[in-house]
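First the structure, in the form of structure tokens, and then the observations on it.
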Amino acid sequence: VLLLLFLMPLSAMAVSKADADSAYAQQNYQEAIKQYEALLQNGVSSELYYNLGNAYYKTSDIARSILNYERALLLDPSNDDIKFNLELARSKAVDKNAVVSELFFVRWYRDFASILSVDGWAKCGILCFIILILCLTLFIFNKKSKTKKIIFIFALLSLICTVLSNVIASSQKEKMTYRESAIIMEPSVTVRSTPSTSGTELFILHEGKKVTIKDDSMKDWKEIEIEDGNIGWLPASAIEQI
């Protein structure tokens, strides 16, 4: 009896996932959204966020589709399907992403870091560390100078890979923990110079626009920044963190 009680939640989740996929396939997108949202209450995954983003896109809810694609990409940064659908949803938004110039090595590092997820980089770091230990062991006990040089090179490369993997994993973990980015959820919102409705109107943002939260200390207002460097305050209710 206890075993059956333990297995019931897992079974229910499996049925709900199947029901959500079935509802989506039958173009019952509102029901699919309801099912995927319920599943995410029991545990997040890139697949669920991706499917939920697809369902919202089908209902023309661009802001929520972008939000869920972004969440899916955060968990699985190398997934090309998520990237493609995210760009497709962004193309439907009123506010387009500004082209920001950046140094080539910054772009290279970002692209390189997106090859694996945080778990993937953590596992890579562990593997490289094991190889490093093996290389050091062989280096100590090997008596041939030529062989020791080769082993030393492999040990040095393993050390670099270990450090780099841990740095990237730590950086991705920090992004997942603090979640400084957010999506505008209202049709339009006025960004002001101060955290008050009496503040000077600076510019207007529309639903689906991605922003970076600069000041999260206030409950009702958030200071945000967009990619072109413009900064201002908007109501906390107008955005949802990725």
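Chains: A, B, ... in order of the structure tokens. Residues: from 1 per chain. Ligands: from 1, in order shown.
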ask   = Do you know which residues are at most 8 Å from region 159-167 of chain A counting only C-alpha atoms, after dropping those on the same chain fewer than 3 positions away, and could you put them as a ChimeraX atom specification?
value = /A:121-122,124-126,128-129,132,155-156,170-171
task = Write out as an MDAnalysis selection string which residues come within 7 Å of Ala72 (chain A) when counting only C-alpha atoms, dropping same-chain ones fewer than 4 positions away.
result = chainID A and resid 46:47 49:50 68 76
query = Using only C-alpha atoms, which residues sit within 12 Å of Ser60 (chain A) once same-chain residues fewer than 4 positions away are excluded, as an MDAnalysis selection string?
reply = chainID A and resid 29:30 53:56 64:66 89:90 92:93 207:208
Restricting the output to all heavy atoms, write the selected residues as a compact mmCIF listing (two decimals), in the first residue's frame.
# COMPACT_ATOMS: atom_id res chain seq x y z
N TYR A 29 -4.93 24.64 -26.95
CA TYR A 29 -3.74 25.26 -26.36
C TYR A 29 -3.97 25.77 -24.94
O TYR A 29 -3.07 25.71 -24.11
CB TYR A 29 -3.25 26.39 -27.25
CG TYR A 29 -2.90 25.92 -28.65
CD1 TYR A 29 -3.54 26.46 -29.77
CD2 TYR A 29 -1.97 24.91 -28.86
CE1 TYR A 29 -3.24 26.03 -31.05
CE2 TYR A 29 -1.66 24.45 -30.13
CZ TYR A 29 -2.31 25.03 -31.22
OH TYR A 29 -2.01 24.58 -32.49
N GLN A 30 -5.15 26.25 -24.65
CA GLN A 30 -5.43 26.73 -23.29
C GLN A 30 -5.34 25.58 -22.28
O GLN A 30 -4.82 25.75 -21.18
CB GLN A 30 -6.80 27.40 -23.24
CG GLN A 30 -6.90 28.70 -24.01
CD GLN A 30 -6.01 29.79 -23.43
OE1 GLN A 30 -5.53 29.69 -22.30
NE2 GLN A 30 -5.79 30.84 -24.20
N GLY A 53 6.08 27.52 -23.79
CA GLY A 53 6.31 28.65 -24.68
C GLY A 53 5.64 28.46 -26.02
O GLY A 53 5.04 29.41 -26.58
N ASN A 54 5.70 27.24 -26.55
CA ASN A 54 5.02 26.94 -27.82
C ASN A 54 3.51 27.14 -27.71
O ASN A 54 2.86 27.68 -28.62
CB ASN A 54 5.31 25.50 -28.24
CG ASN A 54 6.73 25.31 -28.72
OD1 ASN A 54 7.40 26.28 -29.10
ND2 ASN A 54 7.22 24.08 -28.68
N ALA A 55 2.94 26.68 -26.60
CA ALA A 55 1.49 26.80 -26.40
C ALA A 55 1.08 28.27 -26.30
O ALA A 55 0.08 28.68 -26.89
CB ALA A 55 1.07 26.04 -25.15
N TYR A 56 1.87 29.06 -25.57
CA TYR A 56 1.56 30.49 -25.47
C TYR A 56 1.71 31.18 -26.82
O TYR A 56 0.93 32.09 -27.17
CB TYR A 56 2.47 31.16 -24.43
CG TYR A 56 1.94 31.08 -23.02
CD1 TYR A 56 2.70 30.51 -22.00
CD2 TYR A 56 0.69 31.60 -22.69
CE1 TYR A 56 2.23 30.44 -20.70
CE2 TYR A 56 0.20 31.55 -21.39
CZ TYR A 56 0.98 30.96 -20.40
OH TYR A 56 0.49 30.91 -19.11
N ARG A 64 4.47 35.92 -22.82
CA ARG A 64 4.65 34.68 -22.05
C ARG A 64 5.38 33.60 -22.85
O ARG A 64 6.06 32.75 -22.27
CB ARG A 64 3.30 34.17 -21.55
CG ARG A 64 2.76 34.99 -20.38
CD ARG A 64 1.45 34.46 -19.83
NE ARG A 64 1.09 35.16 -18.60
CZ ARG A 64 0.55 36.37 -18.56
NH1 ARG A 64 0.29 37.01 -19.69
NH2 ARG A 64 0.27 36.95 -17.41
N SER A 65 5.25 33.63 -24.15
CA SER A 65 6.02 32.67 -24.96
C SER A 65 7.50 33.00 -24.86
O SER A 65 8.33 32.10 -24.68
CB SER A 65 5.55 32.69 -26.41
OG SER A 65 5.86 33.92 -27.05
N ILE A 66 7.86 34.29 -24.96
CA ILE A 66 9.26 34.70 -24.83
C ILE A 66 9.79 34.37 -23.44
O ILE A 66 10.91 33.86 -23.29
CB ILE A 66 9.40 36.21 -25.11
CG1 ILE A 66 9.15 36.48 -26.60
CG2 ILE A 66 10.79 36.71 -24.70
CD1 ILE A 66 9.15 37.95 -26.96
N ALA A 89 9.61 34.32 -31.78
CA ALA A 89 8.70 35.04 -30.90
C ALA A 89 9.14 36.50 -30.75
O ALA A 89 8.30 37.42 -30.76
CB ALA A 89 8.64 34.37 -29.53
N ARG A 90 10.43 36.73 -30.64
CA ARG A 90 10.94 38.11 -30.53
C ARG A 90 10.61 38.94 -31.75
O ARG A 90 10.38 40.15 -31.65
CB ARG A 90 12.47 38.08 -30.32
CG ARG A 90 12.92 37.72 -28.92
CD ARG A 90 14.42 37.59 -28.88
NE ARG A 90 14.92 37.35 -27.52
CZ ARG A 90 16.17 37.02 -27.24
NH1 ARG A 90 17.07 36.90 -28.23
NH2 ARG A 90 16.55 36.82 -26.00
N LYS A 92 7.97 38.96 -33.31
CA LYS A 92 6.57 39.38 -33.21
C LYS A 92 6.38 40.51 -32.21
O LYS A 92 5.31 41.14 -32.17
CB LYS A 92 5.69 38.20 -32.80
CG LYS A 92 5.78 36.97 -33.71
CD LYS A 92 5.16 37.21 -35.06
CE LYS A 92 5.16 35.93 -35.89
NZ LYS A 92 4.56 36.13 -37.23
N ALA A 93 7.40 40.76 -31.39
CA ALA A 93 7.28 41.80 -30.36
C ALA A 93 7.42 43.19 -30.99
O ALA A 93 8.04 43.36 -32.04
CB ALA A 93 8.35 41.60 -29.29
N GLU A 207 5.24 44.76 -24.36
CA GLU A 207 5.29 43.37 -23.91
C GLU A 207 6.27 42.54 -24.74
O GLU A 207 6.39 42.71 -25.95
CB GLU A 207 3.90 42.73 -23.98
CG GLU A 207 3.29 42.69 -25.35
CD GLU A 207 1.92 42.03 -25.34
OE1 GLU A 207 1.65 41.24 -24.43
OE2 GLU A 207 1.12 42.32 -26.25
N GLY A 208 6.98 41.66 -24.05
CA GLY A 208 7.96 40.81 -24.70
C GLY A 208 9.37 41.34 -24.68
O GLY A 208 10.31 40.61 -25.00
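Nearest to Asp21 (chain A) of all the residues A:Leu48, A:Leu73, A:Ile115, A:Met185 is A:Leu48, based on only C-alpha atoms.
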query = How many Å separate CA of Ile153 (chain A) from CA of Leu138 (chain A)?
reply = 12.2 Å
inquiry  = I need the residues in region 24-183 of chain A that are alpha helix (DSSP H) according to DSSP; give them as a PyMOL selection string.
reply    = chain A and resi 24-25+29-40+46-58+62-75+80-92+104-113+118-141+145-178
request  = Find the spatial neighbours of Arg192 (chain A), counting only C-alpha atoms, within a cut-off of 8 Å - ignore same-chain residues fewer than 3 positions away - and output them as number ranges by chain.
outcome  = A: 195-197, 199-203, 232-234
Dump N, CA and C atoms for the selected residues as a PDB file, in the first residue's frame?
ATOM      1  N   PRO A 195      11.321  56.101  -8.929  1.00  0.00           N
ATOM      2  CA  PRO A 195      10.331  55.054  -8.610  1.00  0.00           C
ATOM      3  C   PRO A 195       9.024  55.644  -8.100  1.00  0.00           C
ATOM      4  N   SER A 196       8.354  56.381  -8.985  1.00  0.00           N
ATOM      5  CA  SER A 196       7.103  57.038  -8.619  1.00  0.00           C
ATOM      6  C   SER A 196       6.345  57.389  -9.893  1.00  0.00           C
ATOM      7  N   THR A 197       5.023  57.389  -9.802  1.00  0.00           N
ATOM      8  CA  THR A 197       4.212  57.759 -10.963  1.00  0.00           C
ATOM      9  C   THR A 197       4.390  59.230 -11.326  1.00  0.00           C
ATOM     10  N   GLY A 199       7.351  60.599 -11.500  1.00  0.00           N
ATOM     11  CA  GLY A 199       8.665  60.723 -12.118  1.00  0.00           C
ATOM     12  C   GLY A 199       8.566  61.078 -13.594  1.00  0.00           C
ATOM     13  N   THR A 200       9.613  61.662 -14.114  1.00  0.00           N
ATOM     14  CA  THR A 200       9.637  62.053 -15.522  1.00  0.00           C
ATOM     15  C   THR A 200       9.554  60.834 -16.436  1.00  0.00           C
ATOM     16  N   GLU A 201       8.727  60.926 -17.462  1.00  0.00           N
ATOM     17  CA  GLU A 201       8.607  59.837 -18.425  1.00  0.00           C
ATOM     18  C   GLU A 201       9.847  59.812 -19.319  1.00  0.00           C
ATOM     19  N   LEU A 202      10.547  58.670 -19.325  1.00  0.00           N
ATOM     20  CA  LEU A 202      11.777  58.555 -20.104  1.00  0.00           C
ATOM     21  C   LEU A 202      11.538  57.878 -21.449  1.00  0.00           C
ATOM     22  N   PHE A 203      10.936  56.715 -21.422  1.00  0.00           N
ATOM     23  CA  PHE A 203      10.618  55.998 -22.657  1.00  0.00           C
ATOM     24  C   PHE A 203       9.564  54.937 -22.347  1.00  0.00           C
ATOM     25  N   GLY A 232      15.950  53.195 -16.191  1.00  0.00           N
ATOM     26  CA  GLY A 232      14.814  53.873 -15.601  1.00  0.00           C
ATOM     27  C   GLY A 232      14.059  52.952 -14.658  1.00  0.00           C
ATOM     28  N   TRP A 233      12.971  53.483 -14.109  1.00  0.00           N
ATOM     29  CA  TRP A 233      12.161  52.738 -13.141  1.00  0.00           C
ATOM     30  C   TRP A 233      10.799  52.391 -13.740  1.00  0.00           C
ATOM     31  N   LEU A 234      10.315  51.208 -13.396  1.00  0.00           N
ATOM     32  CA  LEU A 234       8.962  50.816 -13.802  1.00  0.00           C
ATOM     33  C   LEU A 234       8.313  49.986 -12.699  1.00  0.00           C
TER      34      LEU A 234
END
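Taking CA of Lys222 (chain A) and CA of Lys209 (chain A) as the two end points, the separation is 15.0 Å.
Distances to Asp119 (chain A) were evaluated for A:Ala98, A:Leu136, A:Leu205, A:Ala169 using only C-alpha atoms, and the minimum falls at A:Ala169.
Distances here use only C-alpha atoms; by that measure, the residue among A:Ala182, A:Thr190, A:Asp19, A:Lys148 closest to Ile213 (chain A) is A:Ala182.
Coordinates place CA of Phe112 (chain A) at a distance of 17.1 Å from CA of Leu157 (chain A).
Here the question is which of A:Tyr178, A:Tyr69, A:Phe139, A:Tyr57 gets nearest to Ser45 (chain A) using only C-alpha atoms, and that residue is A:Tyr69.
Non-sequential neighbours of Val211 (chain A) (distance at most 8 Å, separation of 6 or more positions within a chain, only C-alpha atoms) are Ser181, Ala182, Ile183, Ile184, Ile224, Glu225, Ile226 and Glu227 of chain A.
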Restrict the selected residues to N, CA and C atoms and save them as a CSV table (one decimal), in the first residue's frame.
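Contents of selection15.csv, as written:
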chain,number,residue,atom,x,y,z
A,181,SER,N,17.5,39.1,-15.3
A,181,SER,CA,16.8,39.5,-16.5
A,181,SER,C,15.3,39.3,-16.3
A,182,ALA,N,14.5,40.1,-17.0
A,182,ALA,CA,13.0,40.0,-16.9
A,182,ALA,C,12.4,40.3,-18.2
A,183,ILE,N,11.1,40.0,-18.3
A,183,ILE,CA,10.3,40.3,-19.5
A,183,ILE,C,9.2,41.2,-19.2
A,184,ILE,N,9.0,42.2,-20.1
A,184,ILE,CA,7.8,43.1,-19.9
A,184,ILE,C,6.6,42.3,-20.2
A,224,ILE,N,15.5,49.3,-14.1
A,224,ILE,CA,15.8,48.4,-15.2
A,224,ILE,C,16.8,49.0,-16.2
A,225,GLU,N,17.4,48.2,-17.0
A,225,GLU,CA,18.3,48.7,-18.0
A,225,GLU,C,18.0,47.9,-19.3
A,226,ILE,N,18.0,48.6,-20.5
A,226,ILE,CA,17.9,47.8,-21.7
A,226,ILE,C,19.2,47.8,-22.4
A,227,GLU,N,19.3,47.0,-23.5
A,227,GLU,CA,20.6,46.7,-24.1
A,227,GLU,C,21.4,48.0,-24.6
task = Give the strand (DSSP E or B) residues of region 33-220 of chain A, as assigned by DSSP on the backbone, as a ChimeraX atom specification.
result = /A:181-184,188-192,201-206,210-215
